[in-house]
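Data first, discussion second: the structure below is written as structure tokens.
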Amino acid sequence: MVLKAFFPTCCASAESGLLVGRWVPEQSSAVVLAVAHFPFIPIQVKELLAQVQQASQVGVAVLGTWCHRPQEPEENLGHFLEGLGAIFSHEPWLQLCREKGGKSWSCKATRRQGPAAPGVPCEDQVMLIFYDQRQVLLSQLHPPTVPPDHQAGDATAGAGGLAAVFDTVARSEALFCRDRFDEGPVRLSHWQSDGVEASILVELVKQASGPICLLVACLLSLVSAIGACRLWQLWPLPFLRSKLSTCEQLRHRLEHLMLVFSNQKAQSPAQLMRKANTLVSVLLDVALGVALLSWLHSSNRIGQLADALVPVADVSRLGVGCRGGSPPRVTLGGSDAGPVPPTPMSPQHVAEELQSLLQWLMGAPAGLKMNRALDQVLGRFFLYHIHLWIRYIHLMSPFIEHILWHVGLSACLGLTVALSILSDIVALLTFHIYCFYVYGARLYCLKICGLSSLWRLFRGKKWNVLRQRVDSCSYDLDQLFIGTLLFTMLVFLLPTTALYYLVFTLLRLLVVTVQGLIHLLVDLINSLPLYSLGLRLCRPYRLAAGVKLRILEPEAGRPLRVLMQINPLPYSRVVHTYRLPSCGCHPKHSWGSLCRKLFFGELIYPWRQKGDKQD
């Protein structure tokens with residue numbers, strides 16, 4: 001029988017003593033955790049092991065003896081170590097020895113009751129596996145969860161034995177609180193043999209974090225209670241909250257802060273990692289927001305942005321502004337800015353381009369022959385909406401800089417909040433394009449539904465509303481005649497309507513693409529596990545995917561020695577495993593569903609939810 005003895009590399013140079021660890025009978029493995037040095041009293045060693053076992057719920061025991069001979073071997077010490085097996089009875093009893101020079105190792109595992117001849121001791125073959133105790137203790141590898149219907153094979157059994165070793169080391173922290181410098185009756189050697197790793201600053205932060213977390217948690221609970229007030233349930237506040245990205249992002253960040261400053265201790269390494277990832281995400285978000293705030297308020301960039309966004313001068317050229325006289329002058333921030341030429345991103349320039357586009361559609365676009373009456377009605381209808389939008393911008397222009405200044409202050413809450421506000425501003429500034437899209441989509445959808453109903457009439461069928469299916473039906477001559485007239489009119493009016501619908505759908509998709517890129521950046525900041533990626537980069541052993549074994553110099557007549565090294569988790573699996581939940585406030589459509597909605601004239605993201613039914 002081959003036994004596996006896991007021995008920590010930090011104890012390779014320790015003085016002679018007892019091997020303290022855990023025996024795993026299912027895997028025929030002995031996990032050595034520490035070495036107890038001489039002198040000691042056996043009863044005190046047993047009391048210490050009982051305390052550690054009660055605190056960690058790990059069956060810690062004396063597994064055998066450890067003999068380190070830096071000088072010539074001492075026969076008295078060897079006989080003394082062999083005699084300790086009668087005091088600390090354990091089956092099997094390990095005898096591990098490192099001889100002079102440090103390269104020769106010997107290991108024996110004896111059983112007092114042999115299987116062949118009772119009462120005659122027998123020896124088992126031992127494979128000595130060296131492991132880094134500190135890396136194994138701090139790693140995140142735990143016993144895998146096997147489904148009930150899963151058939152455990154050799155690979156699963158090996159993974160379970162490896163997880164048992166990691167779990168034993170992770171749960172034995174109570175044993176590592178004592179080292180060889182303690183004044184107690186038992187001196188131990190383990191990964192903290194040179195002194196317990198600690199920092200005065202870290203300890204002070206831990207002591208101060210409790211009251212700070214309690215205070216912040218109370219403030220967050222108060223904010224959450226105010227947000228749950230019934231006043232916010234009055235119409236149309238719930239509707240606006242569900243449509244504005246800023247409200248959804250603030251609610252998402254409030255949940256993150258409540259998780260970070262919660263007084264409840266993390267129950268598992270996964271919860272601890274989620275808290276750490278959330279904290280780093282919030283800190284990075286706020287840092288980027290403060291950097292954006294300082295950039296906006298330097299060199300009067302907010303005033304420049306307001307001058308670029310809202311130049312309402314010379315709107316008379318659109319036919320919807322001032323009539324006669326000089327163009328209006330824009331006053332921003334209390335100073336006379338004078339006539340501002342239109343910029344490519346200004347509302348004036350957008351309105352000019354829309355007017356040119358409508359005039360092109362009201363003529364003969366691309367040489368197509370349109371229905372002139374319907375073309376003129378639709379063109380003038382949309383031009384009137386541009387007129388209303390320009391008037392709205394003209395009324396809002398004196399307040400734009402102040403609005404942008406307060407919006408810039410919101411960046412101190414985080415870059416994601418500022419980006420969400422930017423997305424809402426884009427939605428408000430392009431609301432006229434959304435109206436054009438809705439009008440065109442409704443008109444186009446109405447004609448498509450009418451044509452499909454009349455097509456069923458020609459085939460002698462109708463839609464059964466109660467049974468939700470197509471049934472046969474007989475029509476008289478008058479119904480067929482009226483249906484033919486309506487079908488002919490809809491067919492000849494469809495190209496004009498479809499062209500307007502196509503143009504404004506493309507404009508709407510352009511706006512949706514811009515908003516989608518902003519939401520993608522917000523979700524990236526919200527969900528990226530930065531702390532886990534930092535651990536993977538700086539301390540790869542903290543996120544272990546498995547181990548690799550390397551055989552050390554084999555010697556004839558000596559036990560096989562193997563070095564166990566931790567395989568780090570790949571970056572893709574780190575992101576997939578520790579990715580934080582994103583806001584998810586907007587529905588996502590597949591390409592097939594999106595194309596079907598566009599073809600039949602159904603409204604698309606983001607104002608139309610995924611499960612809504614068309615009228």
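Ordering of the structure tokens sets the chain letters (A, B, ...), residue numbers begin anew at 1 in every chain, and ligands are numbered from 1 in the order given.
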
DSSP strand (DSSP E) residues within region 253-497 of chain A, as number ranges by chain: A: 331-332, 335-336, 461-464, 469-472

Can you write out the residues you just picked, keeping all heavy atoms, as a short mmCIF file (atom, residue, chain, number, x, y, z; two decimals), in the first residue's frame?
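Wrote it out as part_35.cif, contents follow:
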```cif
data_model
loop_
_atom_site.label_atom_id
_atom_site.label_comp_id
_atom_site.auth_asym_id
_atom_site.auth_seq_id
_atom_site.Cartn_x
_atom_site.Cartn_y
_atom_site.Cartn_z
N THR A 331 -26.51 84.12 -24.20
CA THR A 331 -25.84 84.55 -22.99
C THR A 331 -25.70 83.35 -22.07
O THR A 331 -26.70 82.81 -21.61
CB THR A 331 -26.63 85.66 -22.29
OG1 THR A 331 -26.78 86.75 -23.18
CG2 THR A 331 -25.90 86.13 -21.05
N LEU A 332 -24.50 82.92 -21.83
CA LEU A 332 -24.21 81.75 -21.00
C LEU A 332 -23.27 82.16 -19.89
O LEU A 332 -22.22 82.74 -20.15
CB LEU A 332 -23.57 80.63 -21.83
CG LEU A 332 -24.46 80.04 -22.93
CD1 LEU A 332 -23.67 79.04 -23.75
CD2 LEU A 332 -25.69 79.41 -22.35
N SER A 335 -22.20 86.12 -19.35
CA SER A 335 -21.38 86.87 -20.30
C SER A 335 -22.01 86.81 -21.66
O SER A 335 -22.63 85.80 -22.04
CB SER A 335 -19.96 86.31 -20.34
OG SER A 335 -19.98 84.98 -20.77
N ASP A 336 -21.83 87.87 -22.42
CA ASP A 336 -22.41 87.93 -23.76
C ASP A 336 -21.51 87.16 -24.71
O ASP A 336 -20.40 87.60 -25.04
CB ASP A 336 -22.52 89.40 -24.19
CG ASP A 336 -23.36 89.55 -25.45
OD1 ASP A 336 -23.79 88.51 -25.96
OD2 ASP A 336 -23.57 90.70 -25.89
N LYS A 461 -60.02 33.44 -45.60
CA LYS A 461 -59.66 33.11 -44.23
C LYS A 461 -59.76 34.36 -43.37
O LYS A 461 -59.84 35.48 -43.86
CB LYS A 461 -58.25 32.52 -44.14
CG LYS A 461 -58.08 31.21 -44.90
CD LYS A 461 -56.67 30.68 -44.78
CE LYS A 461 -56.51 29.37 -45.55
NZ LYS A 461 -57.38 28.30 -45.02
N LYS A 462 -59.77 34.15 -42.06
CA LYS A 462 -59.80 35.27 -41.11
C LYS A 462 -59.09 34.83 -39.82
O LYS A 462 -58.91 33.63 -39.56
CB LYS A 462 -61.24 35.69 -40.80
CG LYS A 462 -62.02 34.67 -39.97
CD LYS A 462 -63.37 35.21 -39.54
CE LYS A 462 -64.10 34.19 -38.64
NZ LYS A 462 -65.40 34.70 -38.18
N TRP A 463 -58.73 35.81 -39.05
CA TRP A 463 -58.05 35.56 -37.78
C TRP A 463 -59.07 35.40 -36.66
O TRP A 463 -59.88 36.29 -36.41
CB TRP A 463 -57.10 36.71 -37.45
CG TRP A 463 -56.43 36.59 -36.10
CD1 TRP A 463 -56.72 37.29 -34.99
CD2 TRP A 463 -55.40 35.68 -35.75
NE1 TRP A 463 -55.93 36.91 -33.94
CE2 TRP A 463 -55.10 35.91 -34.38
CE3 TRP A 463 -54.69 34.70 -36.43
CZ2 TRP A 463 -54.12 35.20 -33.70
CZ3 TRP A 463 -53.72 34.00 -35.75
CH2 TRP A 463 -53.45 34.23 -34.41
N ASN A 464 -59.08 34.24 -36.01
CA ASN A 464 -59.97 33.96 -34.89
C ASN A 464 -59.32 34.48 -33.61
O ASN A 464 -58.32 33.93 -33.14
CB ASN A 464 -60.23 32.45 -34.80
CG ASN A 464 -61.40 32.14 -33.85
OD1 ASN A 464 -61.64 32.85 -32.89
ND2 ASN A 464 -62.12 31.06 -34.16
N ARG A 469 -56.02 31.68 -33.85
CA ARG A 469 -55.62 30.91 -35.02
C ARG A 469 -56.34 31.44 -36.24
O ARG A 469 -57.29 32.24 -36.14
CB ARG A 469 -55.91 29.43 -34.82
CG ARG A 469 -57.40 29.10 -34.78
CD ARG A 469 -57.65 27.62 -34.55
NE ARG A 469 -59.07 27.30 -34.66
CZ ARG A 469 -59.60 26.10 -34.41
NH1 ARG A 469 -58.78 25.10 -34.03
NH2 ARG A 469 -60.88 25.88 -34.55
N VAL A 470 -55.94 30.98 -37.42
CA VAL A 470 -56.56 31.37 -38.69
C VAL A 470 -57.59 30.32 -39.07
O VAL A 470 -57.26 29.14 -39.19
CB VAL A 470 -55.49 31.53 -39.79
CG1 VAL A 470 -56.16 31.86 -41.12
CG2 VAL A 470 -54.50 32.62 -39.41
N ASP A 471 -58.85 30.75 -39.27
CA ASP A 471 -59.94 29.85 -39.66
C ASP A 471 -60.46 30.24 -41.03
O ASP A 471 -60.28 31.38 -41.51
CB ASP A 471 -61.09 29.92 -38.64
CG ASP A 471 -60.66 29.38 -37.27
OD1 ASP A 471 -59.72 28.57 -37.23
OD2 ASP A 471 -61.26 29.79 -36.26
N SER A 472 -61.16 29.31 -41.65
CA SER A 472 -61.80 29.58 -42.95
C SER A 472 -63.05 30.42 -42.75
O SER A 472 -63.73 30.33 -41.72
CB SER A 472 -62.17 28.27 -43.65
OG SER A 472 -61.01 27.48 -43.87
#
```

Using only C-alpha atoms, find each residue of region 406-426 of chain A with at least one atom at most 8 Å away from an atom of region 242-256 of chain A; report its shortest atom-to-atom pair and that distance in Å (one decimal), sort the rows by chain and rising residue number, and return the result as a Markdown table.
```
| residue | atom | partner | partner_atom | distance |
| --- | --- | --- | --- | --- |
| A:Thr416 | CA | A:Gln249 | CA | 7.3 |
| A:Val417 | CA | A:Thr246 | CA | 6.2 |
| A:Ser420 | CA | A:Thr246 | CA | 4.9 |
| A:Ile421 | CA | A:Thr246 | CA | 5.5 |
| A:Ser423 | CA | A:Ser245 | CA | 7.1 |
| A:Asp424 | CA | A:Leu244 | CA | 6.3 |
```

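Counting only C-alpha atoms, Leu598 (chain A) has the following residues at most 10 Å away, ignoring those fewer than 4 positions along the same chain: A:Ala441, A:Cys445, A:Tyr501, A:Leu502, A:Thr505, A:Gly592, A:Ser593, A:Leu594, A:Glu602, A:Leu603, A:Ile604.
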
So the first atom is CA of His387 (chain A) and the second is CA of Arg508 (chain A); what is the distance between them in Å, to one decimal place?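 Separation between CA of His387 (chain A) and CA of Arg508 (chain A): 19.3 Å.
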
Test item, alpha helix (DSSP H) assignment across region 281-502 of chain A, answer as a PyMOL selection string: chain A and resi 281-296+301-309+347-361+372-396+400-409+415-429+431-458+477-502

So how many Å separate CA of Ile518 (chain A) and CA of Val426 (chain A), to one decimal? 10.3 Å

Residues at most 12 Å from Met489 (chain A), counting only C-alpha atoms, excluding those fewer than 6 positions away in the same chain, as a PDB file with C-alpha atoms, in the first residue's frame?
```pdb
ATOM      1  CA  ASN A 371     -47.335  59.506 -53.501  1.00  0.00           C
ATOM      2  CA  LEU A 374     -49.014  61.643 -48.531  1.00  0.00           C
ATOM      3  CA  LYS A 447     -50.339  49.247 -43.064  1.00  0.00           C
ATOM      4  CA  GLY A 450     -53.960  45.887 -42.827  1.00  0.00           C
ATOM      5  CA  LEU A 451     -52.311  44.249 -45.812  1.00  0.00           C
ATOM      6  CA  LEU A 454     -56.786  41.827 -46.479  1.00  0.00           C
ATOM      7  CA  ILE A 482     -64.254  46.882 -50.467  1.00  0.00           C
ATOM      8  CA  GLY A 483     -61.317  44.700 -49.447  1.00  0.00           C
ATOM      9  CA  PRO A 495     -43.582  52.691 -50.483  1.00  0.00           C
ATOM     10  CA  THR A 496     -43.939  56.278 -49.242  1.00  0.00           C
TER      11      THR A 496
END
```

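The residue that comes closest to Ala170 (chain A), out of A:Val62, A:Leu409, A:Leu33, A:Leu204 and on the basis of only C-alpha atoms, is A:Leu33.
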
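Contact shell of Val52 (chain A) at 8 Å (only C-alpha atoms; same-chain neighbours under 5 positions omitted): Gln57, Val58, Val60, Ser172, Ala174 and Leu175 of chain A.
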
Can I get the selection written as a CSV table (one decimal), in the first residue's frame, with N, CA, C and O atoms?
```
chain,number,residue,atom,x,y,z
A,57,GLN,N,-12.5,22.2,14.1
A,57,GLN,CA,-13.3,21.0,13.7
A,57,GLN,C,-12.5,20.1,12.7
A,57,GLN,O,-13.1,19.5,11.8
A,58,VAL,N,-11.2,20.1,12.9
A,58,VAL,CA,-10.3,19.2,12.1
A,58,VAL,C,-9.7,18.2,13.1
A,58,VAL,O,-9.2,18.6,14.2
A,60,VAL,N,-7.0,16.9,14.2
A,60,VAL,CA,-5.6,17.0,14.3
A,60,VAL,C,-5.0,16.0,15.3
A,60,VAL,O,-5.6,15.8,16.4
A,172,SER,N,-7.1,25.0,9.6
A,172,SER,CA,-6.3,24.8,10.7
A,172,SER,C,-5.5,26.1,11.1
A,172,SER,O,-4.4,26.1,11.6
A,174,ALA,N,-6.2,28.0,13.6
A,174,ALA,CA,-6.0,28.1,15.0
A,174,ALA,C,-4.7,27.5,15.5
A,174,ALA,O,-4.1,27.9,16.5
A,175,LEU,N,-4.1,26.5,14.7
A,175,LEU,CA,-2.9,25.9,15.0
A,175,LEU,C,-1.7,26.8,14.7
A,175,LEU,O,-0.7,26.8,15.4
```

So, counting only C-alpha atoms, which residue among A:His68, A:Arg467, A:Lys206, A:Lys108 is closest to Gly557 (chain A)? A:Lys108

Just want the 12 Å neighbourhood of His406 (chain A), counted on only C-alpha atoms, with same-chain residues fewer than 4 positions away dropped. Output as number ranges by chain. A: 293, 296-297, 302, 399-402, 410-412, 418, 421

Got a sec: who's within 9 Å of region 2-7 of chain A, counting only C-alpha atoms, leaving out chain neighbours fewer than 5 positions off, as a list in words?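 Surrounding residues, per the criterion: Ala12, Gln27, Ser28, Ser29, Ala30, Val31, Val32, Leu33, Ala34, Leu94, Ala109, Asp124, Gln125, Val126, Met127, Leu128, Ile129, Phe130, Tyr131, Asp132, Gln133 and Val165 of chain A.
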
Okay, now the selection with N, CA, C and O atoms, as a PDB file, in the first residue's frame?
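Contents of selection_9.pdb, as written:
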```pdb
ATOM      1  N   ALA A  12      11.203  22.024   6.503  1.00  0.00           N
ATOM      2  CA  ALA A  12      12.304  21.159   6.083  1.00  0.00           C
ATOM      3  C   ALA A  12      13.561  21.402   6.915  1.00  0.00           C
ATOM      4  O   ALA A  12      14.385  20.496   7.062  1.00  0.00           O
ATOM      5  N   GLN A  27      -8.247   8.869   1.401  1.00  0.00           N
ATOM      6  CA  GLN A  27      -7.226   9.051   0.374  1.00  0.00           C
ATOM      7  C   GLN A  27      -5.886   8.420   0.744  1.00  0.00           C
ATOM      8  O   GLN A  27      -4.927   8.547  -0.015  1.00  0.00           O
ATOM      9  N   SER A  28      -5.826   7.765   1.917  1.00  0.00           N
ATOM     10  CA  SER A  28      -4.565   7.193   2.425  1.00  0.00           C
ATOM     11  C   SER A  28      -3.475   8.252   2.415  1.00  0.00           C
ATOM     12  O   SER A  28      -2.359   8.046   1.917  1.00  0.00           O
ATOM     13  N   SER A  29      -3.810   9.429   2.962  1.00  0.00           N
ATOM     14  CA  SER A  29      -2.908  10.579   2.944  1.00  0.00           C
ATOM     15  C   SER A  29      -2.728  11.111   4.351  1.00  0.00           C
ATOM     16  O   SER A  29      -3.647  11.082   5.177  1.00  0.00           O
ATOM     17  N   ALA A  30      -1.524  11.606   4.614  1.00  0.00           N
ATOM     18  CA  ALA A  30      -1.204  12.257   5.879  1.00  0.00           C
ATOM     19  C   ALA A  30      -0.782  13.689   5.558  1.00  0.00           C
ATOM     20  O   ALA A  30       0.188  13.904   4.819  1.00  0.00           O
ATOM     21  N   VAL A  31      -1.530  14.675   6.080  1.00  0.00           N
ATOM     22  CA  VAL A  31      -1.253  16.090   5.843  1.00  0.00           C
ATOM     23  C   VAL A  31      -0.537  16.631   7.078  1.00  0.00           C
ATOM     24  O   VAL A  31      -1.152  16.798   8.136  1.00  0.00           O
ATOM     25  N   VAL A  32       0.759  16.897   6.950  1.00  0.00           N
ATOM     26  CA  VAL A  32       1.545  17.438   8.062  1.00  0.00           C
ATOM     27  C   VAL A  32       1.333  18.948   8.109  1.00  0.00           C
ATOM     28  O   VAL A  32       1.505  19.642   7.091  1.00  0.00           O
ATOM     29  N   LEU A  33       0.945  19.465   9.280  1.00  0.00           N
ATOM     30  CA  LEU A  33       0.672  20.887   9.453  1.00  0.00           C
ATOM     31  C   LEU A  33       1.780  21.613  10.203  1.00  0.00           C
ATOM     32  O   LEU A  33       2.020  22.799   9.957  1.00  0.00           O
ATOM     33  N   ALA A  34       2.422  20.967  11.153  1.00  0.00           N
ATOM     34  CA  ALA A  34       3.444  21.628  11.959  1.00  0.00           C
ATOM     35  C   ALA A  34       4.340  20.570  12.591  1.00  0.00           C
ATOM     36  O   ALA A  34       4.051  19.365  12.553  1.00  0.00           O
ATOM     37  N   LEU A  94       4.302   7.543  11.215  1.00  0.00           N
ATOM     38  CA  LEU A  94       5.305   8.012  10.268  1.00  0.00           C
ATOM     39  C   LEU A  94       6.621   8.311  10.981  1.00  0.00           C
ATOM     40  O   LEU A  94       6.618   8.880  12.082  1.00  0.00           O
ATOM     41  N   ALA A 109       6.519   4.207   7.220  1.00  0.00           N
ATOM     42  CA  ALA A 109       5.174   4.187   7.789  1.00  0.00           C
ATOM     43  C   ALA A 109       4.927   2.781   8.310  1.00  0.00           C
ATOM     44  O   ALA A 109       4.786   1.826   7.533  1.00  0.00           O
ATOM     45  N   ASP A 124       4.653   0.341   5.097  1.00  0.00           N
ATOM     46  CA  ASP A 124       4.028   0.721   3.836  1.00  0.00           C
ATOM     47  C   ASP A 124       4.979   1.629   3.064  1.00  0.00           C
ATOM     48  O   ASP A 124       5.804   2.341   3.647  1.00  0.00           O
ATOM     49  N   GLN A 125       4.832   1.613   1.756  1.00  0.00           N
ATOM     50  CA  GLN A 125       5.602   2.536   0.932  1.00  0.00           C
ATOM     51  C   GLN A 125       5.019   3.941   1.059  1.00  0.00           C
ATOM     52  O   GLN A 125       3.805   4.120   1.130  1.00  0.00           O
ATOM     53  N   VAL A 126       5.912   4.926   1.064  1.00  0.00           N
ATOM     54  CA  VAL A 126       5.505   6.312   1.291  1.00  0.00           C
ATOM     55  C   VAL A 126       5.977   7.160   0.120  1.00  0.00           C
ATOM     56  O   VAL A 126       7.130   7.044  -0.319  1.00  0.00           O
ATOM     57  N   MET A 127       5.083   8.013  -0.378  1.00  0.00           N
ATOM     58  CA  MET A 127       5.432   9.023  -1.374  1.00  0.00           C
ATOM     59  C   MET A 127       5.390  10.383  -0.681  1.00  0.00           C
ATOM     60  O   MET A 127       4.339  10.811  -0.178  1.00  0.00           O
ATOM     61  N   LEU A 128       6.498  11.076  -0.647  1.00  0.00           N
ATOM     62  CA  LEU A 128       6.640  12.341   0.080  1.00  0.00           C
ATOM     63  C   LEU A 128       6.355  13.497  -0.881  1.00  0.00           C
ATOM     64  O   LEU A 128       7.031  13.650  -1.906  1.00  0.00           O
ATOM     65  N   ILE A 129       5.326  14.286  -0.549  1.00  0.00           N
ATOM     66  CA  ILE A 129       4.900  15.403  -1.390  1.00  0.00           C
ATOM     67  C   ILE A 129       5.138  16.700  -0.610  1.00  0.00           C
ATOM     68  O   ILE A 129       4.557  16.899   0.458  1.00  0.00           O
ATOM     69  N   PHE A 130       5.983  17.572  -1.153  1.00  0.00           N
ATOM     70  CA  PHE A 130       6.268  18.856  -0.520  1.00  0.00           C
ATOM     71  C   PHE A 130       5.287  19.909  -1.054  1.00  0.00           C
ATOM     72  O   PHE A 130       5.034  19.970  -2.269  1.00  0.00           O
ATOM     73  N   TYR A 131       4.774  20.749  -0.160  1.00  0.00           N
ATOM     74  CA  TYR A 131       3.847  21.814  -0.573  1.00  0.00           C
ATOM     75  C   TYR A 131       4.172  23.089   0.177  1.00  0.00           C
ATOM     76  O   TYR A 131       4.707  23.059   1.298  1.00  0.00           O
ATOM     77  N   ASP A 132       3.868  24.223  -0.447  1.00  0.00           N
ATOM     78  CA  ASP A 132       4.055  25.532   0.175  1.00  0.00           C
ATOM     79  C   ASP A 132       2.832  25.816   1.040  1.00  0.00           C
ATOM     80  O   ASP A 132       1.731  26.034   0.540  1.00  0.00           O
ATOM     81  N   GLN A 133       3.039  25.797   2.355  1.00  0.00           N
ATOM     82  CA  GLN A 133       1.906  25.892   3.274  1.00  0.00           C
ATOM     83  C   GLN A 133       1.204  27.247   3.184  1.00  0.00           C
ATOM     84  O   GLN A 133      -0.027  27.323   3.258  1.00  0.00           O
ATOM     85  N   VAL A 165      -6.809  18.182   1.129  1.00  0.00           N
ATOM     86  CA  VAL A 165      -5.554  18.752   1.625  1.00  0.00           C
ATOM     87  C   VAL A 165      -5.696  20.260   1.793  1.00  0.00           C
ATOM     88  O   VAL A 165      -5.327  20.837   2.827  1.00  0.00           O
TER      89      VAL A 165
END
```
